[in-house]
Amino acid sequence: MIDRRTITETELNRFVSNHHYVHYMKTADWGRFKQRTEGSKYYCLGFYEEDHLVASAMVLEDSFLVHKYCYVPKGPCLDYGNFELLHDVLLSLQEFAENHHAQFLRIDPDVIRMSRTITGEPDGIINNEAVTEQLTSIGFIHRGYNYAYDGSWTNRYTLIVNLDRSEEEILSGFSKPRRTSLNRHQVSGVITRLGTEDELSSLMEFEVMLSRQDGFKPHSREFFESLLDCFGSHVRFYLTTVSLNTMIQGIQSELDSKKYRKDPEARAAKEAELIKVADLQKTYGDIVPIAGGIFLQEGDMSWDLYTYNHKEFNFLKPVDNLHLYAMKDMKALGVKRYDMCGFSGVTSKDDPEYGLYAYKRSFGPEFIEQIGEFDLVLNPSAYARFKKEKSLEVRARHKYWRLRYKTK
């Protein structure tokens, strides 16, 4: 029999951090962050067999309009190959949700559906669809194996780089354009370092630039400060800068050499670049922040949560530098799996989000597809109203922010 108990945040975090199914959304830190930013209540639950902790769950209790629900981000932390344990823990979570008068219980386990090649074809090595069958047999409704951006609360597709190998092997997985830009960075004054909380304004400036392009509401400073505060030593803020003086000297040195003696077209392009960089220096000074990223680390996993760059410096490909530095830093912290956090799941060039996939693919990751979202409905009529009302609210909110922020 499973014995459900309330456990301390320290106990929960320790269990999650050392588990195969580690995820930052399963920690008390994430619950505290959601409480601070969205007003959610959170509960740290442990599940015991003969006083041995065998599973955990960080449960968010939240509401939308009059609809109260419980949500276990990325599902409970347990061995998903142990169907008896999974069954007992989920029934206990159902009881918890019922006791809290929830209309439904949602989970979205970070369980791989099936392993795939980098282009998305099944390779036959891993298949966990039996977990989906187990959940539906208990009574959960599966939202389906759909396109990533279908309104799901978390993305079930991601790309993960294996850091459990030498730096040379990691770099060998980078595409030629990535390696070329990184080589250029060594002589053009582009570097990445750990940023400070005072420098969050640069990250926020870059996000605003993207919001004007794509039409979404940028985050507040309080949002990012809360993330740093709640996750403490588990959060890393990286900042990429360029020394325009170093870059100008490097370009001039190339022009003074015989490198372009037989290629006047390439020389003209380099001269135009020199003029462009000189103009940028007049506007921004010498040392300029050009990219920033906030990452989380838990156990042997890391996640790229928010990465943005200065649009006027796109030509330098600064995020390439940021990722390489982050990979080295995370590897030093014991990270083995570097999650680049989400893409559409579609690998064909006609997909509107193909560019994001193509860029992340260029770092040599693995294609990861998870099993998706499941709802255990406790009040069918209220649940049906929730889905309709939430869908209308999401569409209206996206339209509003797009109209407000997107630059015409």
# chains A, B, ... in the order shown; residues from 1 in each chain; ligands from 1
>>> residues_around(residues="Gly215 of chain A", least_positions_apart="3", cutoff="9 Å", atoms="only C-alpha atoms", output="PyMOL selection string")
chain A and resi 210-212+398-399+401-407
>>> write_last_selection(atoms="C-alpha atoms", output="compact mmCIF listing (two decimals), in the first residue's frame")
# COMPACT_ATOMS: atom_id res chain seq x y z
CA LEU A 210 11.53 39.95 -30.02
CA SER A 211 8.08 40.82 -28.67
CA ARG A 212 7.81 43.66 -31.19
CA HIS A 398 -2.96 36.31 -27.65
CA LYS A 399 -4.81 38.60 -30.04
CA TRP A 401 -0.96 41.17 -26.86
CA ARG A 402 -0.21 40.76 -30.56
CA LEU A 403 -2.08 43.94 -31.39
CA ARG A 404 -0.43 45.80 -28.53
CA TYR A 405 3.20 44.73 -28.99
CA LYS A 406 3.77 43.65 -32.59
CA THR A 407 5.41 46.37 -34.67
>>> select_by_dssp(residues="segment 89-190 of chain A", states="helix (DSSP H, G or I)", output="PyMOL selection string")
chain A and resi 89-99+129-138+167-172+176-188
>>> residues_around(residues="Trp30 of chain A", least_positions_apart="4", cutoff="10 Å", atoms="only C-alpha atoms", output="PyMOL selection string")
chain A and resi 23-26+34-36+42+58+60+73+227+230-231
>>> write_last_selection(atoms="C-alpha atoms", output="PDB file, in the first residue's frame")
ATOM      1  CA  HIS A  23      12.831  17.984 -13.853  1.00  0.00           C
ATOM      2  CA  TYR A  24      12.888  21.510 -12.446  1.00  0.00           C
ATOM      3  CA  MET A  25       9.077  21.723 -12.646  1.00  0.00           C
ATOM      4  CA  LYS A  26       8.854  18.873 -10.122  1.00  0.00           C
ATOM      5  CA  LYS A  34       4.453  29.882  -9.409  1.00  0.00           C
ATOM      6  CA  GLN A  35       3.067  31.014  -6.062  1.00  0.00           C
ATOM      7  CA  ARG A  36       5.015  34.263  -6.234  1.00  0.00           C
ATOM      8  CA  TYR A  42       1.680  24.316  -4.004  1.00  0.00           C
ATOM      9  CA  MET A  58       4.756  18.855  -6.500  1.00  0.00           C
ATOM     10  CA  LEU A  60      -0.128  23.113  -7.943  1.00  0.00           C
ATOM     11  CA  PRO A  73       3.863  19.637 -13.749  1.00  0.00           C
ATOM     12  CA  LEU A 227      13.137  33.148 -10.961  1.00  0.00           C
ATOM     13  CA  CYS A 230      13.432  31.008  -6.063  1.00  0.00           C
ATOM     14  CA  PHE A 231      16.004  28.772  -7.771  1.00  0.00           C
TER      15      PHE A 231
END
>>> closest_residue(among="A:Ala130, A:Cys44, A:Leu305, A:Met114", to="Gly81 of chain A", atoms="only C-alpha atoms")
A:Ala130
>>> residues_around(residues="Asp108 of chain A", least_positions_apart="4", cutoff="8 Å", atoms="only C-alpha atoms", output="MDAnalysis selection string")
chainID A and resid 72:75 154 371:374
>>> write_last_selection(atoms="N, CA and C atoms", output="compact mmCIF listing (two decimals), in the first residue's frame")
# COMPACT_ATOMS: atom_id res chain seq x y z
N VAL A 72 0.00 18.60 -11.73
CA VAL A 72 1.31 18.08 -11.34
C VAL A 72 2.25 18.27 -12.55
N PRO A 73 3.01 19.36 -12.58
CA PRO A 73 3.86 19.64 -13.75
C PRO A 73 4.86 18.51 -14.00
N LYS A 74 4.89 18.03 -15.23
CA LYS A 74 5.76 16.94 -15.67
C LYS A 74 5.48 15.64 -14.94
N GLY A 75 4.30 15.58 -14.31
CA GLY A 75 3.86 14.34 -13.68
C GLY A 75 4.58 14.07 -12.37
N THR A 154 2.66 22.63 -21.48
CA THR A 154 4.09 22.47 -21.71
C THR A 154 4.30 21.80 -23.06
N ILE A 371 5.05 11.98 -24.04
CA ILE A 371 3.71 11.39 -24.24
C ILE A 371 2.57 12.40 -24.14
N GLY A 372 2.83 13.59 -23.59
CA GLY A 372 1.82 14.65 -23.63
C GLY A 372 0.99 14.81 -22.37
N GLU A 373 -0.16 15.46 -22.53
CA GLU A 373 -1.02 15.84 -21.41
C GLU A 373 -2.17 14.86 -21.19
N PHE A 374 -2.52 14.72 -19.89
CA PHE A 374 -3.61 13.83 -19.49
C PHE A 374 -4.44 14.52 -18.42
>>> residues_around(residues="segment 318-333 of chain A", least_positions_apart="3", cutoff="8 Å", atoms="only C-alpha atoms", output="list in words")
Leu163, Asp164, Glu167, Arg178, Ser181, Leu182, His185, Val190, Ile191, Thr192, Arg193, Tyr238, Leu239, Thr240, Ile290, Ala291, Gly292, Gly293, Gln297, Ser302, Thr307, Tyr308, Asn309, Phe313, Asn314, Lys336 and Tyr338 of chain A
>>> residues_around(residues="segment 91-97 of chain A", least_positions_apart="2", cutoff="12 Å", atoms="only C-alpha atoms", output="tab-separated table (two decimals) with C-alpha atoms, in the first residue's frame")
chain	number	residue	atom	x	y	z
A	1	MET	CA	0.00	0.00	0.00
A	2	ILE	CA	1.12	3.53	-0.80
A	3	ASP	CA	1.28	5.96	2.10
A	4	ARG	CA	0.94	9.59	0.98
A	5	ARG	CA	2.54	12.18	3.24
A	6	THR	CA	3.34	15.88	3.13
A	43	TYR	CA	2.04	21.09	-2.05
A	44	CYS	CA	5.03	18.80	-1.60
A	45	LEU	CA	3.89	15.19	-1.45
A	46	GLY	CA	5.86	12.03	-0.84
A	47	PHE	CA	4.69	8.47	-1.43
A	48	TYR	CA	6.06	5.74	0.79
A	55	ALA	CA	7.72	8.74	-5.46
A	56	SER	CA	7.05	12.45	-5.12
A	57	ALA	CA	4.73	15.07	-6.55
A	58	MET	CA	4.76	18.85	-6.50
A	59	VAL	CA	1.06	19.69	-6.88
A	60	LEU	CA	-0.13	23.11	-7.94
A	61	GLU	CA	-3.62	24.08	-6.87
A	62	ASP	CA	-5.00	26.80	-9.11
A	68	LYS	CA	-10.53	24.90	-9.59
A	69	TYR	CA	-8.00	22.29	-10.65
A	70	CYS	CA	-4.85	20.48	-9.53
A	71	TYR	CA	-1.83	20.19	-11.77
A	72	VAL	CA	1.31	18.08	-11.34
A	75	GLY	CA	3.86	14.34	-13.68
A	76	PRO	CA	4.81	12.70	-10.39
A	84	GLU	CA	1.71	-0.88	-10.03
A	85	LEU	CA	3.46	2.06	-8.38
A	86	LEU	CA	2.19	4.44	-11.08
A	87	HIS	CA	-1.37	3.19	-10.57
A	88	ASP	CA	-1.26	3.58	-6.79
A	89	VAL	CA	0.34	7.05	-6.88
A	99	ASN	CA	-10.30	16.38	-1.18
A	100	HIS	CA	-9.32	19.82	-2.51
A	101	HIS	CA	-12.56	20.06	-4.54
A	102	ALA	CA	-10.76	20.19	-7.88
A	103	GLN	CA	-12.77	19.81	-11.09
A	104	PHE	CA	-9.94	17.91	-12.76
A	105	LEU	CA	-6.36	16.74	-12.23
A	106	ARG	CA	-3.81	17.35	-14.99
A	107	ILE	CA	-0.43	15.70	-15.51
A	135	LEU	CA	-2.94	6.19	-17.81
A	137	SER	CA	-6.96	2.62	-18.33
A	138	ILE	CA	-7.03	4.42	-14.98
A	139	GLY	CA	-9.42	7.01	-16.39
A	140	PHE	CA	-7.19	9.83	-17.64
A	375	ASP	CA	-6.65	15.01	-17.56
A	376	LEU	CA	-8.51	13.06	-14.90
A	377	VAL	CA	-11.99	14.60	-14.97
A	378	LEU	CA	-13.70	14.85	-11.58
A	379	ASN	CA	-16.60	17.12	-12.62
>>> select_by_dssp(residues="segment 4-250 of chain A", states="strand (DSSP E)", output="PyMOL selection string")
chain A and resi 4-6+41-49+52-64+67-72+104-107+114-116+122-127+141-142+157-162+190-194+235-243
